[in-house]
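Heads up, target34.csv below (CSV, C-alpha atoms):
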chain,number,residue,atom,x,y,z
S,183,MET,CA,-52.4,-117.9,35.3
S,184,LEU,CA,-52.5,-116.7,38.9
S,185,TRP,CA,-50.6,-113.5,38.3
S,186,LEU,CA,-52.9,-112.7,35.4
S,187,THR,CA,-55.9,-113.0,37.6
S,188,LYS,CA,-54.3,-110.7,40.1
S,189,LEU,CA,-53.3,-108.2,37.5
S,190,PHE,CA,-56.9,-107.8,36.3
S,191,ASP,CA,-58.4,-107.9,39.8
S,192,THR,CA,-60.5,-104.7,40.3
S,193,ARG,CA,-58.0,-103.6,43.0
S,194,ASN,CA,-55.3,-103.3,40.3
S,195,ILE,CA,-57.3,-101.4,37.6
S,196,THR,CA,-55.3,-98.2,38.2
S,197,ARG,CA,-52.0,-100.1,37.7
S,198,VAL,CA,-53.3,-101.8,34.6
S,199,GLY,CA,-54.3,-98.4,33.2
S,200,GLN,CA,-50.6,-97.3,33.5
S,201,LEU,CA,-49.3,-100.1,31.4
S,202,SER,CA,-48.4,-99.4,27.8
S,203,LEU,CA,-49.8,-101.3,24.9
S,204,PHE,CA,-46.3,-102.7,24.4
S,205,PHE,CA,-46.1,-104.1,28.0
S,206,VAL,CA,-49.6,-105.6,28.1
S,207,SER,CA,-49.3,-107.3,24.7
S,208,PHE,CA,-45.8,-108.5,25.6
S,209,PHE,CA,-46.9,-110.5,28.6
S,210,LEU,CA,-50.4,-111.6,27.4
S,211,ALA,CA,-48.9,-113.2,24.2
S,212,GLY,CA,-46.5,-115.3,26.1
S,213,VAL,CA,-48.4,-116.2,29.2
S,214,LEU,CA,-51.7,-117.2,27.5
S,215,LEU,CA,-49.8,-119.4,25.1
S,216,ALA,CA,-47.7,-121.0,27.7
S,217,ASP,CA,-50.5,-121.5,30.3
S,218,GLU,CA,-53.0,-122.9,27.9
S,219,GLY,CA,-50.5,-125.4,26.5
S,220,ALA,CA,-50.9,-124.2,23.0
S,221,ALA,CA,-48.7,-125.6,20.3
S,222,ALA,CA,-47.2,-122.1,19.8
S,223,GLU,CA,-44.0,-121.2,21.6
S,224,PRO,CA,-43.9,-118.3,24.1
S,225,PRO,CA,-42.5,-115.1,22.6
S,226,ILE,CA,-38.8,-114.3,22.7
S,227,THR,CA,-38.4,-111.5,25.2
S,228,ALA,CA,-34.6,-110.7,25.1
S,229,LEU,CA,-31.5,-111.5,23.1
S,230,ALA,CA,-27.8,-111.0,23.8
S,231,PHE,CA,-24.5,-112.0,22.2
S,232,ASP,CA,-21.6,-113.1,24.4
S,233,ALA,CA,-18.4,-111.1,24.2
S,234,ASP,CA,-16.9,-112.8,21.1
S,235,GLY,CA,-20.2,-113.3,19.3
S,236,GLY,CA,-19.9,-117.0,19.2
S,237,GLY,CA,-23.0,-117.6,21.3
S,238,LEU,CA,-26.5,-116.1,21.4
S,239,LEU,CA,-28.6,-116.0,24.6
S,240,VAL,CA,-32.3,-116.3,24.0
S,241,ALA,CA,-34.8,-115.5,26.7
S,242,SER,CA,-38.5,-116.3,26.9
S,243,GLN,CA,-41.0,-117.2,29.6
S,244,SER,CA,-39.7,-120.8,29.4
S,245,GLY,CA,-36.2,-119.6,30.5
S,246,VAL,CA,-32.8,-118.7,28.9
S,247,LYS,CA,-31.2,-120.9,26.3
S,248,VAL,CA,-27.7,-120.6,24.7
S,249,ARG,CA,-27.6,-121.1,20.9
S,250,SER,CA,-24.7,-121.4,18.6
S,251,TRP,CA,-24.0,-118.6,16.1
S,252,PRO,CA,-24.8,-118.4,13.3
S,253,LYS,CA,-26.5,-121.9,13.1
S,254,LEU,CA,-28.7,-121.2,16.1
S,255,ASP,CA,-28.4,-124.8,17.3
S,256,ALA,CA,-29.5,-125.3,20.9
S,257,GLU,CA,-26.4,-125.8,23.2
S,258,ARG,CA,-27.7,-125.5,26.8
S,259,GLU,CA,-30.3,-124.0,29.1
S,260,LEU,CA,-29.2,-121.8,32.0
S,261,ASP,CA,-30.2,-122.9,35.5
S,262,ILE,CA,-31.8,-119.7,36.8
S,263,THR,CA,-34.4,-118.6,39.3
S,264,VAL,CA,-35.7,-115.5,37.5
S,265,GLU,CA,-39.2,-115.8,36.1
S,266,ASN,CA,-40.6,-114.0,33.1
S,267,VAL,CA,-37.2,-112.9,31.9
S,268,ARG,CA,-37.2,-109.4,30.3
S,269,ASP,CA,-33.6,-108.4,29.9
S,270,LEU,CA,-30.1,-109.9,29.4
S,271,ARG,CA,-27.0,-107.8,29.8
S,272,PHE,CA,-23.3,-108.6,29.8
S,273,ASP,CA,-20.9,-106.2,31.5
S,274,SER,CA,-18.0,-104.7,29.5
S,275,THR,CA,-15.6,-107.5,30.3
S,276,GLY,CA,-18.1,-110.2,29.2
S,277,LYS,CA,-17.4,-112.1,32.5
S,278,TRP,CA,-20.7,-111.2,34.2
S,279,LEU,CA,-24.3,-111.6,33.0
S,280,ALA,CA,-27.3,-109.9,34.5
S,281,ILE,CA,-30.7,-111.5,34.0
S,282,ALA,CA,-33.8,-109.4,34.9
S,283,GLY,CA,-37.5,-110.4,35.3
S,284,GLY,CA,-39.9,-111.3,38.0
S,285,ARG,CA,-43.6,-111.8,38.9
S,286,PRO,CA,-45.9,-109.0,37.7
S,287,THR,CA,-47.3,-106.8,40.5
S,288,GLU,CA,-45.5,-109.0,43.1
S,289,GLU,CA,-41.7,-109.1,42.8
S,290,GLY,CA,-38.8,-108.0,40.5
S,291,THR,CA,-35.6,-110.1,40.4
S,292,VAL,CA,-32.1,-109.6,39.1
S,293,GLU,CA,-29.8,-112.6,38.9
S,294,ILE,CA,-26.1,-112.2,38.3
S,295,LEU,CA,-24.1,-115.1,36.7
S,296,ALA,CA,-20.4,-115.7,36.1
S,297,TRP,CA,-19.7,-116.3,32.4
S,298,PRO,CA,-19.2,-118.6,30.7
S,299,SER,CA,-19.8,-121.1,33.5
S,300,GLY,CA,-23.3,-119.8,34.1
S,301,LYS,CA,-22.9,-120.2,37.8
S,302,THR,CA,-25.3,-117.9,39.8
S,303,ILE,CA,-23.3,-115.4,42.0
S,304,GLN,CA,-26.2,-113.6,43.5
S,305,VAL,CA,-30.0,-113.0,43.3
S,306,ARG,CA,-31.6,-109.7,44.3
S,307,SER,CA,-35.3,-109.1,44.6
S,308,ASN,CA,-35.6,-105.5,45.6
S,309,HIS,CA,-38.4,-104.4,43.3
S,310,ASP,CA,-42.1,-104.8,43.9
S,311,ASP,CA,-42.8,-105.4,40.3
S,312,VAL,CA,-41.1,-106.9,37.2
S,313,VAL,CA,-37.6,-105.7,36.5
S,314,THR,CA,-37.6,-104.7,32.8
S,315,SER,CA,-34.1,-103.5,32.1
S,316,VAL,CA,-30.6,-103.6,33.6
S,317,ALA,CA,-27.4,-101.7,32.7
S,318,TRP,CA,-23.7,-102.0,33.9
S,319,THR,CA,-22.0,-98.8,34.6
S,320,ASP,CA,-18.3,-98.0,34.0
S,321,ASN,CA,-17.7,-98.1,37.8
S,322,GLY,CA,-18.8,-101.7,38.0
S,323,MET,CA,-22.3,-101.2,39.4
S,324,LEU,CA,-25.5,-102.6,38.1
S,325,VAL,CA,-28.6,-100.5,37.7
S,326,ALA,CA,-32.1,-102.1,37.5
S,327,GLY,CA,-35.3,-100.5,36.4
S,328,GLY,CA,-38.8,-101.9,37.0
S,329,MET,CA,-42.5,-101.5,36.6
S,330,ASP,CA,-42.7,-100.3,40.2
S,331,HIS,CA,-41.4,-97.0,38.8
S,332,ASP,CA,-38.1,-97.3,40.7
S,333,LEU,CA,-34.4,-97.9,39.9
S,334,PHE,CA,-32.1,-99.9,42.2
S,335,VAL,CA,-28.3,-99.6,42.1
S,336,LEU,CA,-26.7,-102.9,42.9
S,337,GLU,CA,-23.2,-104.2,43.4
S,338,GLY,CA,-21.7,-105.9,40.3
S,339,SER,CA,-20.2,-108.9,42.2
S,340,ALA,CA,-20.8,-110.7,45.5
S,341,LYS,CA,-17.7,-109.0,47.1
S,342,SER,CA,-18.3,-105.3,46.8
S,343,GLY,CA,-20.7,-105.1,49.7
S,344,LEU,CA,-22.7,-102.1,48.4
S,345,LYS,CA,-26.1,-101.8,50.0
S,346,PRO,CA,-28.8,-101.5,47.3
S,347,GLN,CA,-29.8,-97.9,46.7
S,348,ARG,CA,-33.2,-96.9,45.5
S,349,LEU,CA,-33.6,-94.1,43.0
S,350,ARG,CA,-37.0,-92.5,42.5
S,351,GLY,CA,-37.8,-90.2,39.6
S,352,HIS,CA,-40.4,-91.8,37.4
S,353,SER,CA,-44.1,-91.6,37.8
S,354,LYS,CA,-44.8,-94.8,35.9
S,355,GLY,CA,-43.0,-98.0,35.0
S,356,VAL,CA,-39.4,-98.0,33.8
S,357,LEU,CA,-38.8,-99.9,30.6
S,358,SER,CA,-35.2,-99.1,29.7
S,359,VAL,CA,-32.0,-98.2,31.5
S,360,VAL,CA,-28.7,-97.4,29.8
S,361,ALA,CA,-25.3,-96.4,31.1
S,362,LEU,CA,-23.3,-94.1,28.8
S,363,PRO,CA,-19.8,-95.5,28.1
S,364,GLY,CA,-16.8,-93.5,29.2
S,365,SER,CA,-18.9,-91.2,31.3
S,366,ASP,CA,-20.6,-90.7,34.7
S,367,TRP,CA,-24.0,-90.6,33.2
S,368,MET,CA,-26.9,-93.1,32.9
S,369,VAL,CA,-30.4,-92.6,31.5
S,370,SER,CA,-33.8,-94.3,32.4
S,371,ALA,CA,-37.1,-94.1,30.5
S,372,GLY,CA,-40.5,-95.7,30.2
S,373,ILE,CA,-44.2,-95.3,30.3
S,374,ASP,CA,-44.2,-91.8,31.7
S,375,GLN,CA,-42.5,-90.7,28.3
S,376,ASN,CA,-39.6,-88.9,30.0
S,377,LEU,CA,-35.9,-89.7,29.9
S,378,ARG,CA,-34.3,-89.2,33.3
S,379,VAL,CA,-30.6,-88.4,33.4
S,380,TRP,CA,-28.6,-89.5,36.4
S,381,ASN,CA,-25.0,-89.1,37.6
S,382,THR,CA,-23.6,-92.6,38.3
S,383,GLU,CA,-21.2,-91.4,41.0
S,384,SER,CA,-23.5,-89.2,43.1
S,385,LEU,CA,-26.7,-91.1,42.0
S,386,GLU,CA,-28.4,-87.7,41.7
S,387,LEU,CA,-31.2,-87.0,39.2
S,388,ILE,CA,-29.7,-84.3,36.9
S,389,ARG,CA,-32.4,-83.5,34.5
S,390,SER,CA,-35.5,-84.8,32.6
S,391,LEU,CA,-36.0,-84.8,28.8
S,392,ASN,CA,-39.6,-84.8,27.7
S,393,ASN,CA,-39.9,-84.6,23.9
S,394,HIS,CA,-41.5,-88.0,23.4
S,395,THR,CA,-45.3,-88.0,23.4
S,396,LYS,CA,-45.9,-91.7,24.2
S,397,THR,CA,-44.2,-94.6,26.1
S,398,VAL,CA,-40.4,-94.9,25.6
S,399,THR,CA,-39.9,-98.6,24.7
S,400,ASP,CA,-36.1,-98.8,24.6
S,401,MET,CA,-32.9,-96.9,24.5
S,402,ALA,CA,-29.3,-97.7,23.3
S,403,ALA,CA,-26.0,-95.7,23.8
S,404,LYS,CA,-23.8,-95.0,20.8
S,405,PRO,CA,-20.7,-97.2,21.0
S,406,GLY,CA,-17.3,-95.7,21.7
S,407,GLN,CA,-15.7,-93.0,23.9
S,408,LEU,CA,-17.4,-89.7,22.8
S,409,PRO,CA,-16.8,-86.2,24.2
S,410,LEU,CA,-20.6,-85.9,24.5
S,411,PRO,CA,-22.3,-89.4,24.8
S,412,VAL,CA,-25.2,-90.0,22.5
S,413,VAL,CA,-28.4,-92.1,23.2
S,414,ALA,CA,-31.0,-93.3,20.8
S,415,SER,CA,-34.5,-93.7,22.3
S,416,ALA,CA,-37.4,-95.5,20.7
S,417,SER,CA,-41.1,-94.8,21.4
S,418,GLU,CA,-44.6,-95.7,20.8
S,419,ASP,CA,-45.0,-92.3,19.2
S,420,LYS,CA,-43.2,-94.0,16.2
S,421,THR,CA,-40.0,-92.0,16.5
S,422,ILE,CA,-36.4,-92.6,17.3
S,423,ARG,CA,-34.8,-89.6,19.0
S,424,LEU,CA,-31.1,-88.9,19.4
S,425,TRP,CA,-29.9,-87.1,22.5
S,426,GLN,CA,-26.8,-85.8,24.2
S,427,PRO,CA,-28.1,-86.4,27.7
S,428,SER,CA,-25.1,-84.8,29.5
S,429,ILE,CA,-26.1,-81.4,28.2
S,430,GLY,CA,-29.8,-82.0,27.9
S,431,ARG,CA,-29.9,-81.7,24.1
S,432,MET,CA,-32.1,-83.5,21.6
S,433,ILE,CA,-30.1,-83.6,18.4
S,434,ARG,CA,-32.7,-84.8,15.9
S,435,PHE,CA,-35.4,-87.5,15.4
S,436,ALA,CA,-36.5,-90.0,12.8
S,437,ARG,CA,-40.1,-90.8,12.1
S,438,LEU,CA,-41.0,-94.4,11.4
S,439,ASP,CA,-44.1,-96.1,9.9
S,440,SER,CA,-44.2,-98.7,12.7
S,441,VAL,CA,-43.6,-98.6,16.4
S,442,PRO,CA,-40.0,-99.3,17.3
S,443,LEU,CA,-39.8,-101.8,20.1
S,444,GLN,CA,-36.0,-102.4,20.5
S,445,VAL,CA,-33.1,-100.3,19.2
S,446,GLY,CA,-29.4,-100.9,18.7
S,447,TRP,CA,-26.3,-99.4,17.0
S,448,TYR,CA,-24.0,-100.8,14.4
S,449,PRO,CA,-20.7,-101.7,16.3
S,450,ASP,CA,-19.0,-98.6,14.7
S,451,GLY,CA,-21.9,-96.3,15.6
S,452,SER,CA,-22.6,-95.4,12.0
S,453,LEU,CA,-26.2,-96.6,11.8
S,454,ILE,CA,-29.1,-97.4,14.1
S,455,VAL,CA,-31.2,-100.5,13.9
S,456,ALA,CA,-34.7,-101.0,15.3
S,457,SER,CA,-37.1,-104.0,15.5
S,458,CYS,CA,-40.7,-103.0,15.1
S,459,SER,CA,-44.3,-103.9,15.9
S,460,ASP,CA,-44.9,-105.1,12.3
S,461,GLY,CA,-42.0,-107.6,12.7
S,462,GLY,CA,-39.7,-105.7,10.3
S,463,ILE,CA,-36.4,-104.0,10.9
S,464,ARG,CA,-35.7,-100.3,10.2
S,465,VAL,CA,-32.2,-98.9,9.6
S,466,VAL,CA,-31.7,-95.2,10.4
S,467,ASP,CA,-28.8,-92.9,9.5
S,468,PRO,CA,-28.1,-90.9,12.7
S,469,THR,CA,-26.5,-88.0,10.8
S,470,THR,CA,-29.7,-87.4,8.7
S,471,ALA,CA,-32.4,-89.0,10.8
S,472,GLN,CA,-33.6,-90.8,7.7
S,473,VAL,CA,-34.9,-94.4,7.5
S,474,THR,CA,-32.5,-95.8,4.8
S,475,GLN,CA,-33.6,-99.4,4.8
S,476,LYS,CA,-36.6,-101.6,5.6
S,477,LEU,CA,-35.7,-105.2,6.1
S,478,ASP,CA,-37.9,-108.2,6.5
S,479,GLY,CA,-37.9,-109.7,10.0
S,480,ILE,CA,-40.5,-112.0,11.5
S,481,ASP,CA,-44.3,-112.3,11.5
S,482,GLY,CA,-45.9,-110.1,14.3
S,483,TRP,CA,-44.3,-108.1,17.0
S,484,ALA,CA,-40.5,-108.2,17.1
S,485,TYR,CA,-39.9,-107.7,20.8
S,486,ALA,CA,-36.2,-108.5,20.9
S,487,LEU,CA,-33.1,-107.4,18.9
S,488,ALA,CA,-29.4,-107.9,19.1
S,489,VAL,CA,-26.6,-106.7,16.8
S,490,HIS,CA,-23.7,-109.0,16.3
S,491,PRO,CA,-20.4,-107.4,17.3
S,492,THR,CA,-18.4,-108.3,14.2
S,493,ASP,CA,-20.2,-110.2,11.3
S,494,GLY,CA,-22.5,-107.5,10.0
S,495,SER,CA,-25.8,-109.1,11.0
S,496,VAL,CA,-28.7,-108.7,13.4
S,497,VAL,CA,-31.0,-111.2,15.1
S,498,VAL,CA,-34.6,-110.5,15.9
S,499,GLY,CA,-37.1,-112.5,18.0
S,500,GLY,CA,-40.7,-112.2,19.0
S,501,LEU,CA,-44.1,-113.9,18.8
S,502,ASN,CA,-44.4,-117.7,18.7
S,503,GLY,CA,-40.7,-118.1,19.5
S,504,GLN,CA,-39.6,-116.8,16.1
S,505,LEU,CA,-35.9,-116.1,15.7
S,506,LYS,CA,-34.3,-114.8,12.6
S,507,ARG,CA,-30.9,-113.7,11.5
S,508,VAL,CA,-30.8,-110.7,9.0
S,509,MET,CA,-27.7,-109.4,7.3
S,510,LEU,CA,-27.3,-105.7,7.6
S,511,PRO,CA,-26.5,-103.4,4.7
S,512,THR,CA,-23.0,-102.1,4.4
S,513,SER,CA,-22.3,-98.4,4.2
S,514,SER,CA,-22.0,-98.6,0.4
S,515,GLU,CA,-25.5,-100.0,0.2
S,516,GLN,CA,-27.2,-97.2,2.0

Turn this file's structure into structure tokens for me.
Amino acid sequence: MLWLTKLFDTRNITRVGQLSLFFVSFFLAGVLLADEGAAAEPPITALAFDADGGGLLVASQSGVKVRSWPKLDAERELDITVENVRDLRFDSTGKWLAIAGGRPTEEGTVEILAWPSGKTIQVRSNHDDVVTSVAWTDNGMLVAGGMDHDLFVLEGSAKSGLKPQRLRGHSKGVLSVVALPGSDWMVSAGIDQNLRVWNTESLELIRSLNNHTKTVTDMAAKPGQLPLPVVASASEDKTIRLWQPSIGRMIRFARLDSVPLQVGWYPDGSLIVASCSDGGIRVVDPTTAQVTQKLDGIDGWAYALAVHPTDGSVVVGGLNGQLKRVMLPTSSEQ
């Protein structure tokens, strides 16, 4: 528990004060259980389906494991160097996997693997704190956001030779980064409550969107090639907000009865799904901003969410290593 001692050292009180309730509970739950050797499992921190949906990657502070779908049988564990994994992200081809994490207050790490071999291609440790989120852009770059307030733009493979570029725009930790498909835009957000909109070609900060009143916990881009890309953002203010970042417009927002921790879209973009702090799942109609379904999930905080690409289900994970598959309602059931 060395990092925990450092985190709560008096010299770090200011930094601790900047952390959101989500971030603090996220790490304390897993590290205390793991370090004390409790019977409980560390919390699941990230989930991702491979390209064809036949495998599910499950991350916790004990590493990243690959499970079969839908049986969830353990198949293998990835040989990685990243500690405290916080995000898993495949590129659009499904051939590259980025894994993000690190040591709190010390170092943030991004490891890129070839898929499905799982062979490590490169490891980058540019951040001074945990990397919480990564996103692949259409031009093949990888963007990483961390608790050190910064973004780094990295090459997507070992051959591109791009020097990592630091982007500064946030005043507190970044919790989510998303690239908008079919466009030159990406968005970052986190503890400072603001969404920052960037151009992926020039790497310039274009604008800030500040309607949220508390920490932004996660974001997800609507699937498909759209004239004006759409992003859903989830926040500790118990709202999910819909944006058109390229023109700086908030479309509408849904108010929830629990804090949304992770957010995703149906594959066809017709509905939004969120895992929440009460362990449940909320389904939101983006055209009306109404919560149309409340589905049972797990006991306690549901930190991680992944929507299956084809079979109409979602998987949630969270406290004590809980993992559950939930069938989503069809449009006719809304």

Notebook entry, point to check: Neighbours of Trp278 (chain S) within 10 Å (only C-alpha atoms; same-chain residues fewer than 4 positions away dropped), as a list in words?
Noted result: Arg271, Phe272, Asp273, Ser274, Ile294, Leu295, Ala296, Trp297, Pro298, Ser299, Gly300, Lys301, Thr302, Ile303, Trp318, Gly338 and Ser339 of chain S

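Taking CA of Ala361 (chain S) and CA of Ala403 (chain S) as endpoints, the distance between them is 7.4 Å.
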
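Here the question is which of S:Gly283, S:Gly503, S:Pro449, S:Pro442 gets nearest to Asp269 (chain S) using all atoms listed in the file, and that residue is S:Gly283.
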
Notebook entry, point to check: Do you know which residues are at most 8 Å from His309 (chain S) counting all atoms listed in the file, after dropping those on the same chain fewer than 5 positions away, and could you put them as a VMD selection string?
Noted result: chain S and resid 289 to 291 328 330 332 334

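Proximity of S:Asp478, S:Asp366, S:Glu293, S:Asp460 to Val305 (chain S), computed with only C-alpha atoms, is greatest for S:Glu293.
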
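Atom pair CA of Gly499 (chain S) / CA of Ala486 (chain S) has a distance of 5.0 Å (rounded to one decimal).
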
Using only C-alpha atoms, I'd like a table of the residues in region 301-408 of chain S that come within 10 Å of region 419-438 of chain S; for each, show the closest atom pair and its distance in Å rounded to one decimal, ordered by chain and ascending number, as JSON lines.
{"residue": "S:Leu362", "atom": "CA", "partner": "S:Pro427", "partner_atom": "CA", "distance": 9.1}
{"residue": "S:Ser365", "atom": "CA", "partner": "S:Ser428", "partner_atom": "CA", "distance": 9.1}
{"residue": "S:Asp366", "atom": "CA", "partner": "S:Ser428", "partner_atom": "CA", "distance": 9.1}
{"residue": "S:Trp367", "atom": "CA", "partner": "S:Ser428", "partner_atom": "CA", "distance": 7.0}
{"residue": "S:Met368", "atom": "CA", "partner": "S:Pro427", "partner_atom": "CA", "distance": 8.6}
{"residue": "S:Val369", "atom": "CA", "partner": "S:Pro427", "partner_atom": "CA", "distance": 7.6}
{"residue": "S:Gln375", "atom": "CA", "partner": "S:Asp419", "partner_atom": "CA", "distance": 9.6}
{"residue": "S:Leu377", "atom": "CA", "partner": "S:Pro427", "partner_atom": "CA", "distance": 8.8}
{"residue": "S:Arg378", "atom": "CA", "partner": "S:Pro427", "partner_atom": "CA", "distance": 8.8}
{"residue": "S:Val379", "atom": "CA", "partner": "S:Pro427", "partner_atom": "CA", "distance": 6.5}
{"residue": "S:Trp380", "atom": "CA", "partner": "S:Ser428", "partner_atom": "CA", "distance": 9.1}
{"residue": "S:Asn381", "atom": "CA", "partner": "S:Ser428", "partner_atom": "CA", "distance": 9.2}
{"residue": "S:Ile388", "atom": "CA", "partner": "S:Ser428", "partner_atom": "CA", "distance": 8.7}
{"residue": "S:Arg389", "atom": "CA", "partner": "S:Gly430", "partner_atom": "CA", "distance": 7.3}
{"residue": "S:Ser390", "atom": "CA", "partner": "S:Gly430", "partner_atom": "CA", "distance": 7.9}
{"residue": "S:Leu391", "atom": "CA", "partner": "S:Gly430", "partner_atom": "CA", "distance": 6.9}
{"residue": "S:Asn392", "atom": "CA", "partner": "S:Met432", "partner_atom": "CA", "distance": 9.8}
{"residue": "S:Asn393", "atom": "CA", "partner": "S:Met432", "partner_atom": "CA", "distance": 8.2}
{"residue": "S:His394", "atom": "CA", "partner": "S:Asp419", "partner_atom": "CA", "distance": 7.0}
{"residue": "S:Thr395", "atom": "CA", "partner": "S:Asp419", "partner_atom": "CA", "distance": 6.0}
{"residue": "S:Lys396", "atom": "CA", "partner": "S:Asp419", "partner_atom": "CA", "distance": 5.1}
{"residue": "S:Thr397", "atom": "CA", "partner": "S:Asp419", "partner_atom": "CA", "distance": 7.3}
{"residue": "S:Val398", "atom": "CA", "partner": "S:Asp419", "partner_atom": "CA", "distance": 8.3}
{"residue": "S:Thr399", "atom": "CA", "partner": "S:Asp419", "partner_atom": "CA", "distance": 9.8}
{"residue": "S:Asp400", "atom": "CA", "partner": "S:Ile422", "partner_atom": "CA", "distance": 9.6}
{"residue": "S:Met401", "atom": "CA", "partner": "S:Ile422", "partner_atom": "CA", "distance": 9.1}
{"residue": "S:Ala402", "atom": "CA", "partner": "S:Leu424", "partner_atom": "CA", "distance": 9.8}
{"residue": "S:Ala403", "atom": "CA", "partner": "S:Trp425", "partner_atom": "CA", "distance": 9.5}
{"residue": "S:Lys404", "atom": "CA", "partner": "S:Leu424", "partner_atom": "CA", "distance": 9.6}

Using only C-alpha atoms, please write the residues we just selected to a file, as a compact mmCIF listing (two decimals), keeping the file's coordinate frame.
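Everything below was put into part-v8.txt:
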# COMPACT_ATOMS: atom_id res chain seq x y z
CA LEU S 362 -23.30 -94.10 28.80
CA SER S 365 -18.90 -91.20 31.30
CA ASP S 366 -20.60 -90.70 34.70
CA TRP S 367 -24.00 -90.60 33.20
CA MET S 368 -26.90 -93.10 32.90
CA VAL S 369 -30.40 -92.60 31.50
CA GLN S 375 -42.50 -90.70 28.30
CA LEU S 377 -35.90 -89.70 29.90
CA ARG S 378 -34.30 -89.20 33.30
CA VAL S 379 -30.60 -88.40 33.40
CA TRP S 380 -28.60 -89.50 36.40
CA ASN S 381 -25.00 -89.10 37.60
CA ILE S 388 -29.70 -84.30 36.90
CA ARG S 389 -32.40 -83.50 34.50
CA SER S 390 -35.50 -84.80 32.60
CA LEU S 391 -36.00 -84.80 28.80
CA ASN S 392 -39.60 -84.80 27.70
CA ASN S 393 -39.90 -84.60 23.90
CA HIS S 394 -41.50 -88.00 23.40
CA THR S 395 -45.30 -88.00 23.40
CA LYS S 396 -45.90 -91.70 24.20
CA THR S 397 -44.20 -94.60 26.10
CA VAL S 398 -40.40 -94.90 25.60
CA THR S 399 -39.90 -98.60 24.70
CA ASP S 400 -36.10 -98.80 24.60
CA MET S 401 -32.90 -96.90 24.50
CA ALA S 402 -29.30 -97.70 23.30
CA ALA S 403 -26.00 -95.70 23.80
CA LYS S 404 -23.80 -95.00 20.80
